[in-house]
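Visitor: Quick one: the structure is below, questions incoming.
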Amino acid sequence: MSHDAVMALLAISPLIVVSMTVVVVMLLIAWRRNHTLSAIVTAIGLNVALLALLFGWTMGTVDVTSVLVVDDLSRFGGVLVLMSTLACVTLAHHYLEGYDGPRDEFYLLLLSAAAGGLVLVSARHMTTLFFGIELLSMPLFGMLAYTFRDRGALESGIKYMVLSAAATAFLLFGMALLYAVTGTLDFAELGAALSRDGGDPWLLAGAGLMLVGLAFKLSIVPFHLWTPDVYQGGPGPATTFLATASKVAVFLVLLRLFQSTLAFHQDWWHDLLGFIAVITMLVGNLLALTQNDLKRLLGYSSIAHFGYLLVALVVNDGLAVETVGVYLVTYVLTTLGAFGVVTLVSSPYVATGGTADASPLHHYRGLFWRRPYLTAVMTVSMLSLAGIPFTAGFIGKFYIIAVGVEAHRWWLVGSVVLGSAIGLYYYLRVMVTLFLHEPGMQRRDATHDWAERAGGMVVLGVAALVILLGLYPTPMINWVSWVAGS
Amino acid sequence: MTLVWLILIPFIGGLLCWQAERFGDQAPRWIALGTMLLELLLVLGLWIGSDFSLPAEGATAAWTLEWQADWIPRFGIQVHLAIDGLSLLMIALTGLLGAMAVICSWKEIVLRVGFFHLNLLWILGGVVGVFLAIDMFLFFLFWEMMLVPMYFLIALWGHSGSKGSSRIGAATKFFIYTQASGLLMLIAILGLVFAHHAATGNYTFAYADLLNTPLSETTAWWLMLGFFVAFAVKLPVVPLHGWLPDAHAQAPTAGSVDLAGILLKTAAYGMLRFALPLFPEASHAFAPIAMTLGLIGIFYGAILACGQRDLKRLIAYTSISHMGFVLIGIYAGTELALQGVVALMVAHAFSAAGLFILSGQLYERLHTRDMRLMGGLWGRIRGLPGFALVFVAASLGLPGTANFVGEFMVMFGAFGVAPWIVVIASAGLILAAVYSLFIMQRVYYGPPAEETPLADLDRRETILLFGIVALVVFFGIYPQPLLDTSAGAMQIVQQSVQQVGAMTGGPQ
């Protein structure tokens, strides 16, 4: 085997490891059903993949065939995807203990989706983009509807499936149009063609349709309508994956598209994107205001956060890539914390026929006086989502505002401030609910041993990391700026 | 390292209080009191041990102590702390009022005592951080951070006082007002940093470097406004004051004491330390508007105070009125006026804290703050009305109290710059007398609502109130220690403003 082929194999080894773990877990299930064993094998596979990823960092940019590229950005995305998947595995293990149906298949789906995420962050060709997105989404249908006897979960899975199919249709149509005009599907070549004859209406239509398809996945206004229902209905671990790994992978591929293919330097393009960013953050925040359901609220809040993130794409210059990196790290950590607590409070699963998770806000009333540390995690997550100093979320918001100020996009910066001010209202409402005392009200609660379980430890670790990165963000900033610079 | 400890002590003390709750309710209280006294001792030690002589001509800072360490090298952000006369006074005030806040909530707070003191001490830690930080990023961090514990303090231990407003609503309003305006300041800070980056190629958030950033006139104007709005919300300046009466009315006594005594002062401090020296030209151009706003604040606060039924809301509105004088003093920019601002800030901290503590003690006895239900208390509680008279007199600026010194110096100093503003502002003093007499008349005189005597002041309350009275009178008669300490810092502020005055030929 030639040297290049070995390098390529080594570089893509995380993906290979994850795929092999899928097979191993599948055979394991065929051989003997053991929930804990499946979870452990899954976790081992993901850890090995993560190690492979970290060891591959010295290799620099490696072309793996003409459709995949493993560079620092894709490794960065891989780390985020694998870490969030690992967190989901630990949360799922506790959650599914109460589920009386087959439990082990959840890990199969989770691993497949993680593999899809890994493909996506390395994609540099429309085929891999499509392949990655589908591999990421298809298992998610199953995961979201996993506890299918609950109406909420089933509804959530089906909704996500139908809307994903619509998004896929847009995506494919867009790709087809691009291919029809340019005759290529490679990002870089497409980019060259677009900058050569960017005025071509078919090219623009193709690019626009692709953007719509990806905007569906990222729940960017006006393609956000599925988000709250899916978030609310889906089982905790599945929603956690959807909110973290899946969004990160799609956003990174969008970033790659913007770096090469969709890098129009035309005012109307930036204005259009800026407008989308503004309405995304405002609509997300405004709709979250009246929610009484924590998971729905987090869904709307994630819409708003992707609105903030779009600011970096609109600017697409200077600090933009670094901003995306930092913001994604802080967003993933914070979201893992918030959804982790929701999942822990909902664990183990109890069939209700409706929506199984502890998602109404009043379930969390006075949680602090029963589970102080768990509540501390939730408080930290809420503060971080709101972007309060000394949490990682503030560093992310700092970057977003910095990138906007640097590019003199005052309208965007103003909307970020307005959005944050609105957002504070509902984050604070969640926070204060946790602390209000209501004697004699028995609500759903985490199990007594939550902190000794893997999921609990992960959630505590995530919260500690959110605080640490808020206090001393230098390592993260150095890492991300190195990734962005190379 | 002393400066780092000044910030760390309240934070560590807060954590200890939280954990000490398991040893009973008294433990957190004593720990909190000990923490604040330690803080106070540390500051007083610094005060005695430092030299606050006037700085050399042309100096841009008069730090007596500095501490710095790298933090986020990517943007040239440092943990950079420094203390001069002004920040020292403010921190001493923080320590003192912090201890008072602990003492006055000794019996008021009975639920979740540990967590309460955690929040109380973390507010104070954040405030000390604001007074010490001279890296803009760090300053902003502390500025925003102190909102969180304050929010909890109001939301969890507040009273649901007047009709139509809940404590959570008030806390949320407070948070959103200050946080959103704070983000405007962040934009302004970043604008300044990027302007500096464009001029020099370096990212830096250091105050000393940013002082010399070349700015175009419009940029400076907008950035100055960003800072001003953030400080104006906190001070508060009238169109942006909406959060203050609600926050005060719902907050527990300790919260009100901190809010009026210290948190409002961070805004004045911010203007003196950052808004004026960073943007002298723009501030000079803005001064007439700012002084007019101050004037509006004086009258608006005083007139609304006269119409209040809730005792704490009334005191809250008087704060708005007093802060109007502070704003006029700051933007008058003469050395006398600036020194007057310092004296007034200290004096107002004492008198407002005293009045809030008194209203807290009344609430403990009467379980209402509605002044229509009071009246004739002079005969029913011994001791308390007498103290009330002293603080009310201080609040209206009677000679012999520290408030008189402050107001007099502000008006004297501002007269040369803006005589008409001062003439009109002095009419506001009449209104101050009116609302002060309203307090005395409605609460303590007149026909008593009931005849039953109420509990006398106990030893804790008496000592606390005596302490404040002593300070008010002492600084009213002999304010020189205050003025000597802050003279250096104020001279630097004044020089930066004066240069502009000399250039543009404006009145100085």
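Residues in the structure tokens are named by chain (A, B, ... in the order shown) and by number from 1 within that chain; ligands are numbered from 1 in the order shown.
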Which residues of chain A are close to chain B, meaning at most 8 Å apart when you count only C-alpha atoms, and how do they look as an MDAnalysis selection string?
Guide: chainID A and resid 388:390 401:402 405:406 413 417:418 420:422 424:425 428 432 435:436 472:474 477:478
Visitor: Mind checking which residues fall within 12 Å of Leu53 (chain A), counting only C-alpha atoms, ignoring those fewer than 6 positions away in the same chain, and posting them as a list in words?
Guide: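 Counting only the stated atoms, we get Leu9, Leu10, Ala11, Ile12, Ser13, Pro14, Leu15, Ile16, Val17, Val18, Leu46, Asn47, Met59, Gly60, Val70, Asp71, Asp72, Leu73, Ser74, Arg75, Phe76, Gly77, Gly78, Val79, Leu80, Val81, Leu82, Met83 and Leu118 of chain A.
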Visitor: Do you know which residues are at most 8 Å from region 2-14 of chain B counting only C-alpha atoms, after dropping those on the same chain fewer than 6 positions away, and could you put them as a compact mmCIF listing (two decimals) with N, CA and C atoms, in the first residue's frame?
Guide:
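Saved the output as selection_20.txt:
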# COMPACT_ATOMS: atom_id res chain seq x y z
N ILE B 31 -20.04 34.36 59.59
CA ILE B 31 -19.00 34.27 58.56
C ILE B 31 -19.08 35.45 57.62
N ALA B 32 -20.32 35.79 57.22
CA ALA B 32 -20.48 36.92 56.31
C ALA B 32 -19.98 38.20 56.94
N THR B 35 -16.26 38.19 57.07
CA THR B 35 -15.69 38.43 55.75
C THR B 35 -15.67 39.91 55.43
N MET B 36 -16.81 40.56 55.67
CA MET B 36 -16.88 41.97 55.30
C MET B 36 -15.97 42.81 56.19
N GLU B 39 -12.52 42.42 54.92
CA GLU B 39 -12.38 43.24 53.71
C GLU B 39 -12.13 44.70 54.09
N LEU B 42 -8.74 45.31 55.52
CA LEU B 42 -7.73 45.28 54.47
C LEU B 42 -7.67 46.63 53.75
N VAL B 43 -8.87 47.16 53.45
CA VAL B 43 -8.90 48.46 52.76
C VAL B 43 -8.37 49.56 53.65
N LEU B 65 -1.26 51.21 43.78
CA LEU B 65 -0.98 49.78 43.82
C LEU B 65 -1.52 49.19 42.52
N GLU B 66 -0.73 48.31 41.91
CA GLU B 66 -1.19 47.70 40.67
C GLU B 66 -0.89 46.22 40.70
N TRP B 67 -1.65 45.47 39.97
CA TRP B 67 -1.38 44.04 39.86
C TRP B 67 -1.84 43.60 38.49
N LEU B 81 -5.47 44.94 37.77
CA LEU B 81 -6.15 45.63 38.85
C LEU B 81 -5.29 46.80 39.31
N ALA B 82 -5.95 47.87 39.71
CA ALA B 82 -5.20 48.99 40.24
C ALA B 82 -6.10 49.78 41.17
N ILE B 83 -5.47 50.45 42.10
CA ILE B 83 -6.26 51.20 43.07
C ILE B 83 -5.71 52.61 43.16
N HIS B 117 -26.58 34.75 52.00
CA HIS B 117 -25.30 35.44 52.21
C HIS B 117 -24.32 35.16 51.09
N LEU B 118 -24.47 34.01 50.46
CA LEU B 118 -23.65 33.76 49.27
C LEU B 118 -23.92 34.85 48.24
N ASN B 119 -25.19 35.10 47.99
CA ASN B 119 -25.54 36.12 46.99
C ASN B 119 -25.09 37.50 47.42
N LEU B 120 -25.33 37.81 48.70
CA LEU B 120 -24.97 39.13 49.20
C LEU B 120 -23.46 39.37 49.03
N LEU B 121 -22.67 38.38 49.41
CA LEU B 121 -21.22 38.58 49.36
C LEU B 121 -20.73 38.59 47.91
N TRP B 122 -21.39 37.82 47.06
CA TRP B 122 -20.93 37.82 45.66
C TRP B 122 -21.23 39.14 44.97
N LEU B 124 -21.07 41.96 46.49
CA LEU B 124 -20.02 42.85 46.98
C LEU B 124 -18.70 42.53 46.29
N GLY B 125 -18.43 41.23 46.09
CA GLY B 125 -17.21 40.84 45.38
C GLY B 125 -17.19 41.43 43.98
N GLY B 126 -18.34 41.33 43.30
CA GLY B 126 -18.43 41.87 41.95
C GLY B 126 -18.21 43.37 41.95
N VAL B 128 -16.54 45.16 44.14
CA VAL B 128 -15.11 45.45 44.38
C VAL B 128 -14.34 45.24 43.08
N GLY B 129 -14.69 44.19 42.35
CA GLY B 129 -14.04 43.95 41.07
C GLY B 129 -14.22 45.13 40.12
N LEU B 132 -11.92 47.88 40.99
CA LEU B 132 -10.48 47.64 40.86
C LEU B 132 -10.02 47.42 39.42
Visitor: Apply DSSP to the structure's backbone, then extract all residues of region 39-216 of chain A labelled helix (DSSP H, G or I) and return them as a JSON list (two decimals) with C-alpha atoms, in the first residue's frame.
Guide:
[["chain", "number", "residue", "atom", "x", "y", "z"],
["A", 39, "ALA", "CA", -23.64, 1.08, 26.02],
["A", 40, "ILE", "CA", -20.11, 0.28, 27.16],
["A", 41, "VAL", "CA", -19.05, -1.03, 23.76],
["A", 42, "THR", "CA", -20.49, 2.06, 22.15],
["A", 43, "ALA", "CA", -18.65, 4.31, 24.55],
["A", 44, "ILE", "CA", -15.40, 2.42, 23.98],
["A", 45, "GLY", "CA", -15.80, 2.72, 20.22],
["A", 46, "LEU", "CA", -16.42, 6.45, 20.47],
["A", 47, "ASN", "CA", -13.46, 6.93, 22.77],
["A", 48, "VAL", "CA", -11.15, 5.04, 20.42],
["A", 49, "ALA", "CA", -12.41, 7.15, 17.56],
["A", 50, "LEU", "CA", -11.76, 10.29, 19.61],
["A", 51, "LEU", "CA", -8.21, 9.13, 20.37],
["A", 52, "ALA", "CA", -7.62, 8.34, 16.72],
["A", 53, "LEU", "CA", -8.82, 11.81, 15.90],
["A", 54, "LEU", "CA", -6.51, 13.45, 18.41],
["A", 55, "PHE", "CA", -3.50, 11.42, 17.30],
["A", 56, "GLY", "CA", -4.19, 12.31, 13.70],
["A", 57, "TRP", "CA", -3.84, 16.01, 14.48],
["A", 58, "THR", "CA", -0.16, 16.07, 13.58],
["A", 59, "MET", "CA", -0.87, 14.96, 10.02],
["A", 72, "ASP", "CA", -8.06, 20.83, 11.24],
["A", 73, "LEU", "CA", -11.57, 22.12, 10.81],
["A", 74, "SER", "CA", -12.96, 18.65, 10.24],
["A", 75, "ARG", "CA", -11.02, 17.32, 13.24],
["A", 76, "PHE", "CA", -12.39, 20.15, 15.30],
["A", 77, "GLY", "CA", -15.91, 19.26, 14.20],
["A", 78, "GLY", "CA", -15.17, 15.59, 14.79],
["A", 79, "VAL", "CA", -14.16, 16.28, 18.37],
["A", 80, "LEU", "CA", -17.39, 18.16, 19.03],
["A", 81, "VAL", "CA", -19.54, 15.51, 17.37],
["A", 82, "LEU", "CA", -17.87, 12.62, 19.16],
["A", 83, "MET", "CA", -17.92, 14.36, 22.53],
["A", 84, "SER", "CA", -21.61, 15.16, 22.26],
["A", 85, "THR", "CA", -22.33, 11.62, 21.13],
["A", 86, "LEU", "CA", -20.46, 10.27, 24.12],
["A", 87, "ALA", "CA", -22.48, 12.48, 26.42],
["A", 88, "CYS", "CA", -25.65, 11.22, 24.75],
["A", 89, "VAL", "CA", -24.57, 7.61, 25.29],
["A", 90, "THR", "CA", -24.08, 8.16, 29.00],
["A", 91, "LEU", "CA", -27.40, 9.97, 29.27],
["A", 92, "ALA", "CA", -29.19, 7.36, 27.19],
["A", 93, "HIS", "CA", -28.00, 4.51, 29.36],
["A", 94, "HIS", "CA", -29.66, 5.92, 32.43],
["A", 95, "TYR", "CA", -32.70, 7.10, 30.51],
["A", 96, "LEU", "CA", -33.45, 3.85, 28.75],
["A", 105, "GLU", "CA", -30.80, -0.47, 19.16],
["A", 106, "PHE", "CA", -30.68, 3.12, 20.35],
["A", 107, "TYR", "CA", -26.90, 2.93, 20.42],
["A", 108, "LEU", "CA", -26.83, 1.60, 16.87],
["A", 109, "LEU", "CA", -28.79, 4.58, 15.70],
["A", 110, "LEU", "CA", -26.67, 6.95, 17.76],
["A", 111, "LEU", "CA", -23.43, 5.57, 16.32],
["A", 112, "SER", "CA", -24.72, 5.71, 12.78],
["A", 113, "ALA", "CA", -25.75, 9.30, 13.23],
["A", 114, "ALA", "CA", -22.33, 10.11, 14.69],
["A", 115, "ALA", "CA", -20.73, 8.51, 11.63],
["A", 116, "GLY", "CA", -22.91, 10.75, 9.49],
["A", 117, "GLY", "CA", -21.69, 13.76, 11.45],
["A", 118, "LEU", "CA", -18.07, 12.73, 10.90],
["A", 119, "VAL", "CA", -18.64, 12.40, 7.16],
["A", 120, "LEU", "CA", -20.32, 15.76, 7.06],
["A", 121, "VAL", "CA", -17.51, 17.69, 8.75],
["A", 122, "SER", "CA", -15.05, 16.24, 6.25],
["A", 126, "MET", "CA", -21.78, 17.44, -2.85],
["A", 127, "THR", "CA", -22.01, 13.65, -2.74],
["A", 128, "THR", "CA", -20.41, 13.43, 0.67],
["A", 129, "LEU", "CA", -22.46, 16.36, 1.87],
["A", 130, "PHE", "CA", -25.63, 14.58, 0.84],
["A", 131, "PHE", "CA", -24.44, 11.26, 2.18],
["A", 132, "GLY", "CA", -23.42, 12.78, 5.47],
["A", 133, "ILE", "CA", -26.67, 14.66, 5.96],
["A", 134, "GLU", "CA", -28.77, 11.62, 5.23],
["A", 135, "LEU", "CA", -26.67, 9.35, 7.41],
["A", 136, "LEU", "CA", -27.03, 11.92, 10.17],
["A", 137, "SER", "CA", -30.78, 12.40, 9.78],
["A", 138, "MET", "CA", -32.11, 8.92, 9.08],
["A", 139, "PRO", "CA", -31.05, 7.42, 12.42],
["A", 140, "LEU", "CA", -32.43, 10.53, 14.10],
["A", 141, "PHE", "CA", -35.94, 9.68, 12.91],
["A", 142, "GLY", "CA", -35.59, 6.41, 14.75],
["A", 143, "MET", "CA", -34.05, 7.99, 17.80],
["A", 144, "LEU", "CA", -36.70, 10.66, 18.11],
["A", 151, "ARG", "CA", -47.61, 10.14, 21.32],
["A", 152, "GLY", "CA", -45.15, 12.98, 21.74],
["A", 153, "ALA", "CA", -42.14, 10.96, 20.64],
["A", 154, "LEU", "CA", -43.94, 9.46, 17.68],
["A", 155, "GLU", "CA", -45.17, 12.85, 16.58],
["A", 156, "SER", "CA", -41.71, 14.26, 16.95],
["A", 157, "GLY", "CA", -40.11, 11.50, 14.89],
["A", 158, "ILE", "CA", -42.64, 11.71, 12.10],
["A", 159, "LYS", "CA", -42.51, 15.48, 11.98],
["A", 160, "TYR", "CA", -38.78, 15.45, 11.75],
["A", 161, "MET", "CA", -38.90, 12.79, 9.04],
["A", 162, "VAL", "CA", -41.39, 14.62, 6.86],
["A", 163, "LEU", "CA", -39.65, 17.95, 7.15],
["A", 164, "SER", "CA", -36.25, 16.36, 6.67],
["A", 165, "ALA", "CA", -37.49, 14.77, 3.51],
["A", 166, "ALA", "CA", -38.65, 18.15, 2.31],
["A", 167, "ALA", "CA", -35.29, 19.65, 3.19],
["A", 168, "THR", "CA", -33.53, 16.83, 1.34],
["A", 169, "ALA", "CA", -35.63, 17.52, -1.70],
["A", 170, "PHE", "CA", -34.58, 21.16, -1.66],
["A", 171, "LEU", "CA", -30.97, 20.16, -1.19],
["A", 172, "LEU", "CA", -30.99, 17.69, -4.06],
["A", 173, "PHE", "CA", -32.75, 20.05, -6.38],
["A", 174, "GLY", "CA", -30.22, 22.72, -5.57],
["A", 175, "MET", "CA", -27.34, 20.39, -6.22],
["A", 176, "ALA", "CA", -28.90, 19.27, -9.49],
["A", 177, "LEU", "CA", -29.23, 22.84, -10.67],
["A", 178, "LEU", "CA", -25.65, 23.59, -9.73],
["A", 179, "TYR", "CA", -24.49, 20.48, -11.54],
["A", 180, "ALA", "CA", -26.58, 21.25, -14.60],
["A", 181, "VAL", "CA", -24.89, 24.62, -15.03],
["A", 182, "THR", "CA", -21.33, 23.84, -13.99],
["A", 187, "PHE", "CA", -16.97, 22.55, -3.56],
["A", 188, "ALA", "CA", -13.88, 24.35, -4.81],
["A", 189, "GLU", "CA", -14.70, 23.99, -8.48],
["A", 190, "LEU", "CA", -18.26, 25.07, -7.83],
["A", 191, "GLY", "CA", -16.92, 28.07, -6.00],
["A", 192, "ALA", "CA", -14.76, 28.99, -8.97],
["A", 193, "ALA", "CA", -17.72, 28.62, -11.32],
["A", 194, "LEU", "CA", -19.92, 30.69, -9.08],
["A", 195, "SER", "CA", -17.46, 33.51, -8.81],
["A", 196, "ARG", "CA", -16.94, 33.37, -12.60],
["A", 201, "PRO", "CA", -30.03, 32.76, -12.36],
["A", 202, "TRP", "CA", -29.86, 28.95, -12.32],
["A", 203, "LEU", "CA", -26.70, 29.00, -10.26],
["A", 204, "LEU", "CA", -28.27, 31.40, -7.82],
["A", 205, "ALA", "CA", -31.40, 29.32, -7.64],
["A", 206, "GLY", "CA", -29.32, 26.23, -6.97],
["A", 207, "ALA", "CA", -27.34, 27.93, -4.25],
["A", 208, "GLY", "CA", -30.52, 29.31, -2.73],
["A", 209, "LEU", "CA", -32.24, 25.93, -2.69],
["A", 210, "MET", "CA", -29.23, 24.32, -1.06],
["A", 211, "LEU", "CA", -29.23, 27.01, 1.55],
["A", 212, "VAL", "CA", -32.89, 26.34, 2.24],
["A", 213, "GLY", "CA", -32.18, 22.65, 2.71],
["A", 214, "LEU", "CA", -29.42, 23.34, 5.20],
["A", 215, "ALA", "CA", -31.44, 26.05, 6.92],
["A", 216, "PHE", "CA", -34.09, 23.42, 7.64]]
Visitor: Can you pull out every residue from region 49-166 of chain B that DSSP, working from the backbone, puts in strand (DSSP E), and format the result as a PyMOL selection string?
Guide: chain B and resi 65-72+77-83
Visitor: Write to file, as a compact mmCIF listing (two decimals), in the first residue's frame, the residues of the selection just made, with C-alpha atoms.
Guide:
# COMPACT_ATOMS: atom_id res chain seq x y z
CA LEU B 65 -0.98 49.78 43.82
CA GLU B 66 -1.19 47.70 40.67
CA TRP B 67 -1.38 44.04 39.86
CA GLN B 68 -1.48 42.41 36.48
CA ALA B 69 -1.28 39.00 34.84
CA ASP B 70 -1.91 37.74 31.35
CA TRP B 71 -5.32 36.29 30.78
CA ILE B 72 -6.39 36.09 27.16
CA ILE B 77 -6.69 40.99 27.74
CA GLN B 78 -5.10 41.04 31.16
CA VAL B 79 -6.19 40.65 34.72
CA HIS B 80 -5.17 44.17 35.52
CA LEU B 81 -6.15 45.63 38.85
CA ALA B 82 -5.20 48.99 40.24
CA ILE B 83 -6.26 51.20 43.07
Visitor: Can you tell me which residues surround Ser426 (chain B) at a distance of at most 10 Å, considering only C-alpha atoms, apart from same-chain residues fewer than 3 positions away, and format the answer as a ChimeraX atom specification?
Guide: /B:295,298,325,407-408,411,420-423,429-432
Visitor: Report as a PyMOL selection string all protein, DNA and RNA residues lying within 8 Å of region 319-331 of chain A, evaluated on only C-alpha atoms, omitting residues in the same chain fewer than 5 positions from it.
Guide: chain A and resi 80+244+248+255+309+312-313+385+392-393+395-397+399-400+403+466+476-477+480-481+483-484
Visitor: Do you know which residues are at most 7 Å from Ala62 (chain B) counting only C-alpha atoms, after dropping those on the same chain fewer than 2 positions away, and could you put them as number ranges by chain?
Guide: B: 55, 64, 84, 488-489
Visitor: What is the distance, in Å and to one decimal place, between CA of Val250 (chain A) and CA of Pro237 (chain A)?
Guide: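 Atom-to-atom, CA of Val250 (chain A) and CA of Pro237 (chain A) are spaced 18.8 Å apart.
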Visitor: List as number ranges by chain the protein and nucleic acid residues near Ala349 (chain B), meaning an atom at most 8 Å away when only C-alpha atoms are counted, but skip any in the same chain fewer than 3 places from it.
Guide: B: 93, 260-262, 345-346, 352-353
Visitor: Would you mind exporting the chosen residues as a PDB file, in the first residue's frame, restricted to C-alpha atoms?
Guide:
ATOM      1  CA  LEU B  93     -17.623  52.055  51.349  1.00  0.00           C
ATOM      2  CA  ALA B 260     -28.574  52.462  46.822  1.00  0.00           C
ATOM      3  CA  GLY B 261     -25.337  52.487  48.723  1.00  0.00           C
ATOM      4  CA  ILE B 262     -22.959  50.834  46.313  1.00  0.00           C
ATOM      5  CA  MET B 345     -21.564  59.690  46.812  1.00  0.00           C
ATOM      6  CA  VAL B 346     -20.208  58.732  50.203  1.00  0.00           C
ATOM      7  CA  ALA B 352     -29.810  56.173  51.885  1.00  0.00           C
ATOM      8  CA  ALA B 353     -28.533  53.082  53.652  1.00  0.00           C
TER       9      ALA B 353
END
Visitor: To one decimal place, how far is CA of Ser216 (chain B) from CA of Met136 (chain B) in Å?
Guide: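 Answer for the CA of Ser216 (chain B) to CA of Met136 (chain B) separation: 20.4 Å.
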